[in-house]
Amino acid sequence: MSLQFQRNDDGTLTGHNTETGFTVTSADEEEVRRSLHEDAGWEYTPPPSPAAPGFHRFALVHDEFGDGAFGHERYEGLRLRPPSGCEPVDWGGFALKCERPGRTLLEAVSDTVTEIRRAHGLVMNSLGVEDPGEWLGDDKDGYGAQIVAHLMLMAAHRAALLGYGRKDLVRLLDAAGAV
């Protein structure tokens with residue numbers, strides 16, 4: 001079963017439960033999400049209030065192949081001294097929930113990743129986005145931006161595992177017309 005959401009040209013949101021066929025469209029995004037969760041028999045928790053102006057909420061995950069357990073000794077310093085505005089969470093592995101300042105979401109994520117790398121020698125490589133193929137949002141600092149940041153961190157991490165360097169990634173971004 002999956003729940004699918006689509007923004008419509010008229011500003012409404014359509015949600016669809018693939019298992020039951022239930023579909024709902026409304027200008028009230030929360031109503032669409034609540035109705036779909038209810039149809040699926042899932043509990044719905046509304047999103048928290050927006051972050052203060054100039055701040056962004058996001059999660060950073062150290063998505064490690066092998067032993068990435070929350071209690072692993074490599075995370076001890078980060079558990080005890082996380083960056084300001086971040087709190088460690090156990091999501092079946094090590095993660096941080098953060099509310100950090102930045103001009104944009106990407107800036108806030110970049111600054112936080114840099115701070116963690118310098119202070120703890122750990123490169124956070126994911127925002128914990130489960131299905132980055134589900135594109136939802138045109139807000140430069142919203143969910144779409146979280147997907148972009150997630151994909152960039154994941155790509156940098158996996159490229160390094162394969163032996164690619166910064167120049168290789170920048171060349172690819174330039175070729176794609178992204179920068």
# chains A, B, ... in the order shown; residues from 1 in each chain; ligands from 1
call {"tool": "select_by_dssp", "arguments": {"residues": "chain A", "states": "alpha helix (DSSP H)", "output": "PyMOL selection string"}}
result
chain A and resi 29-40+76-80+105-120+143-162+166-175
call {"tool": "residues_around", "arguments": {"residues": "range 59-65 of chain A", "least_positions_apart": "4", "cutoff": "7 Å", "atoms": "only C-alpha atoms", "output": "ChimeraX atom specification"}}
result
/A:94-98,124-128
call {"tool": "closest_residue", "arguments": {"among": "A:Ala145, A:Pro82, A:Ala119, A:His72", "to": "Glu107 in chain A", "atoms": "only C-alpha atoms"}}
result
A:Ala145
call {"tool": "select_by_dssp", "arguments": {"residues": "chain A", "states": "strand (DSSP E or B)", "output": "ChimeraX atom specification"}}
result
/A:3-7,13-17,23-26,55-61,86-90,94-101,126
call {"tool": "write_last_selection", "arguments": {"atoms": "N, CA and C atoms", "output": "compact mmCIF listing (two decimals), in the first residue's frame"}}
result
# COMPACT_ATOMS: atom_id res chain seq x y z
N LEU A 3 0.55 5.74 -0.20
CA LEU A 3 -0.24 6.96 -0.32
C LEU A 3 0.51 7.88 -1.27
N GLN A 4 -0.19 8.39 -2.26
CA GLN A 4 0.43 9.26 -3.25
C GLN A 4 -0.21 10.64 -3.17
N PHE A 5 0.61 11.66 -3.36
CA PHE A 5 0.14 13.04 -3.32
C PHE A 5 0.60 13.76 -4.57
N GLN A 6 -0.28 14.62 -5.08
CA GLN A 6 0.07 15.39 -6.28
C GLN A 6 -0.48 16.80 -6.15
N ARG A 7 0.39 17.78 -6.38
CA ARG A 7 -0.06 19.17 -6.41
C ARG A 7 -0.67 19.44 -7.78
N LEU A 13 -4.43 19.95 -3.70
CA LEU A 13 -3.61 18.75 -3.55
C LEU A 13 -4.53 17.54 -3.67
N THR A 14 -4.11 16.56 -4.45
CA THR A 14 -4.86 15.31 -4.58
C THR A 14 -4.07 14.21 -3.92
N GLY A 15 -4.76 13.44 -3.08
CA GLY A 15 -4.15 12.29 -2.44
C GLY A 15 -4.86 11.03 -2.88
N HIS A 16 -4.11 9.93 -3.01
CA HIS A 16 -4.68 8.68 -3.48
C HIS A 16 -4.09 7.52 -2.69
N ASN A 17 -4.95 6.64 -2.19
CA ASN A 17 -4.53 5.41 -1.52
C ASN A 17 -4.57 4.32 -2.57
N THR A 23 -9.59 8.48 -3.14
CA THR A 23 -8.94 9.68 -3.64
C THR A 23 -9.65 10.90 -3.07
N VAL A 24 -8.88 11.89 -2.69
CA VAL A 24 -9.45 13.14 -2.17
C VAL A 24 -8.66 14.31 -2.71
N THR A 25 -9.36 15.39 -3.04
CA THR A 25 -8.73 16.61 -3.53
C THR A 25 -9.26 17.78 -2.72
N SER A 26 -8.35 18.65 -2.28
CA SER A 26 -8.76 19.82 -1.51
C SER A 26 -7.65 20.87 -1.56
N PHE A 55 15.23 30.16 10.25
CA PHE A 55 15.61 28.84 10.76
C PHE A 55 14.96 27.77 9.90
N HIS A 56 15.58 26.59 9.88
CA HIS A 56 15.09 25.47 9.06
C HIS A 56 15.15 24.20 9.88
N ARG A 57 14.12 23.36 9.73
CA ARG A 57 14.08 22.06 10.40
C ARG A 57 14.46 20.97 9.42
N PHE A 58 15.31 20.07 9.88
CA PHE A 58 15.72 18.95 9.05
C PHE A 58 16.34 17.88 9.95
N ALA A 59 16.47 16.71 9.41
CA ALA A 59 17.16 15.62 10.11
C ALA A 59 18.44 15.31 9.35
N LEU A 60 19.47 14.96 10.07
CA LEU A 60 20.71 14.47 9.47
C LEU A 60 20.93 13.06 9.97
N VAL A 61 21.27 12.18 9.05
CA VAL A 61 21.45 10.78 9.39
C VAL A 61 22.84 10.35 8.95
N CYS A 86 20.41 21.01 17.55
CA CYS A 86 20.24 19.62 17.12
C CYS A 86 20.14 18.72 18.34
N GLU A 87 19.37 17.66 18.20
CA GLU A 87 19.29 16.65 19.26
C GLU A 87 19.42 15.26 18.66
N PRO A 88 20.23 14.41 19.29
CA PRO A 88 20.42 13.04 18.80
C PRO A 88 19.13 12.23 18.94
N VAL A 89 18.84 11.40 17.94
CA VAL A 89 17.68 10.52 17.98
C VAL A 89 18.08 9.15 17.43
N ASP A 90 17.46 8.13 17.97
CA ASP A 90 17.71 6.76 17.52
C ASP A 90 16.62 6.37 16.54
N PHE A 94 22.07 6.20 13.90
CA PHE A 94 22.32 7.52 14.47
C PHE A 94 21.75 8.63 13.58
N ALA A 95 21.00 9.54 14.22
CA ALA A 95 20.43 10.69 13.50
C ALA A 95 20.39 11.89 14.44
N LEU A 96 20.25 13.05 13.83
CA LEU A 96 20.06 14.30 14.57
C LEU A 96 18.82 14.99 14.02
N LYS A 97 17.97 15.47 14.90
CA LYS A 97 16.86 16.34 14.50
C LYS A 97 17.34 17.76 14.78
N CYS A 98 17.29 18.61 13.77
CA CYS A 98 17.87 19.94 13.90
C CYS A 98 16.89 21.04 13.53
N GLU A 99 17.05 22.17 14.18
CA GLU A 99 16.41 23.43 13.79
C GLU A 99 17.53 24.46 13.85
N ARG A 100 18.03 24.81 12.66
CA ARG A 100 19.24 25.61 12.58
C ARG A 100 19.04 26.83 11.70
N PRO A 101 19.85 27.88 11.94
CA PRO A 101 19.73 29.09 11.13
C PRO A 101 20.38 28.92 9.76
N SER A 126 23.01 11.83 4.88
CA SER A 126 21.62 11.63 4.50
C SER A 126 20.73 12.57 5.30
call {"tool": "residues_around", "arguments": {"residues": "Pro83 in chain A", "least_positions_apart": "2", "cutoff": "8 Å", "atoms": "only C-alpha atoms", "output": "list in words"}}
result
Leu78, Arg81, Gly85, Cys86, Glu87, Thr112, Glu115 and Ile116 of chain A
call {"tool": "residues_around", "arguments": {"residues": "Asp138 in chain A", "least_positions_apart": "4", "cutoff": "12 Å", "atoms": "only C-alpha atoms", "output": "list in words"}}
result
Gln6, Arg7, Asn8, Gly11, Gly142, Tyr143, Gly144, Ala145, Gln146, Ile147 and Val148 of chain A
call {"tool": "closest_residue", "arguments": {"among": "A:Ser2, A:Leu151, A:Gly121, A:Ala27", "to": "Trp42 in chain A", "atoms": "only C-alpha atoms"}}
result
A:Ser2
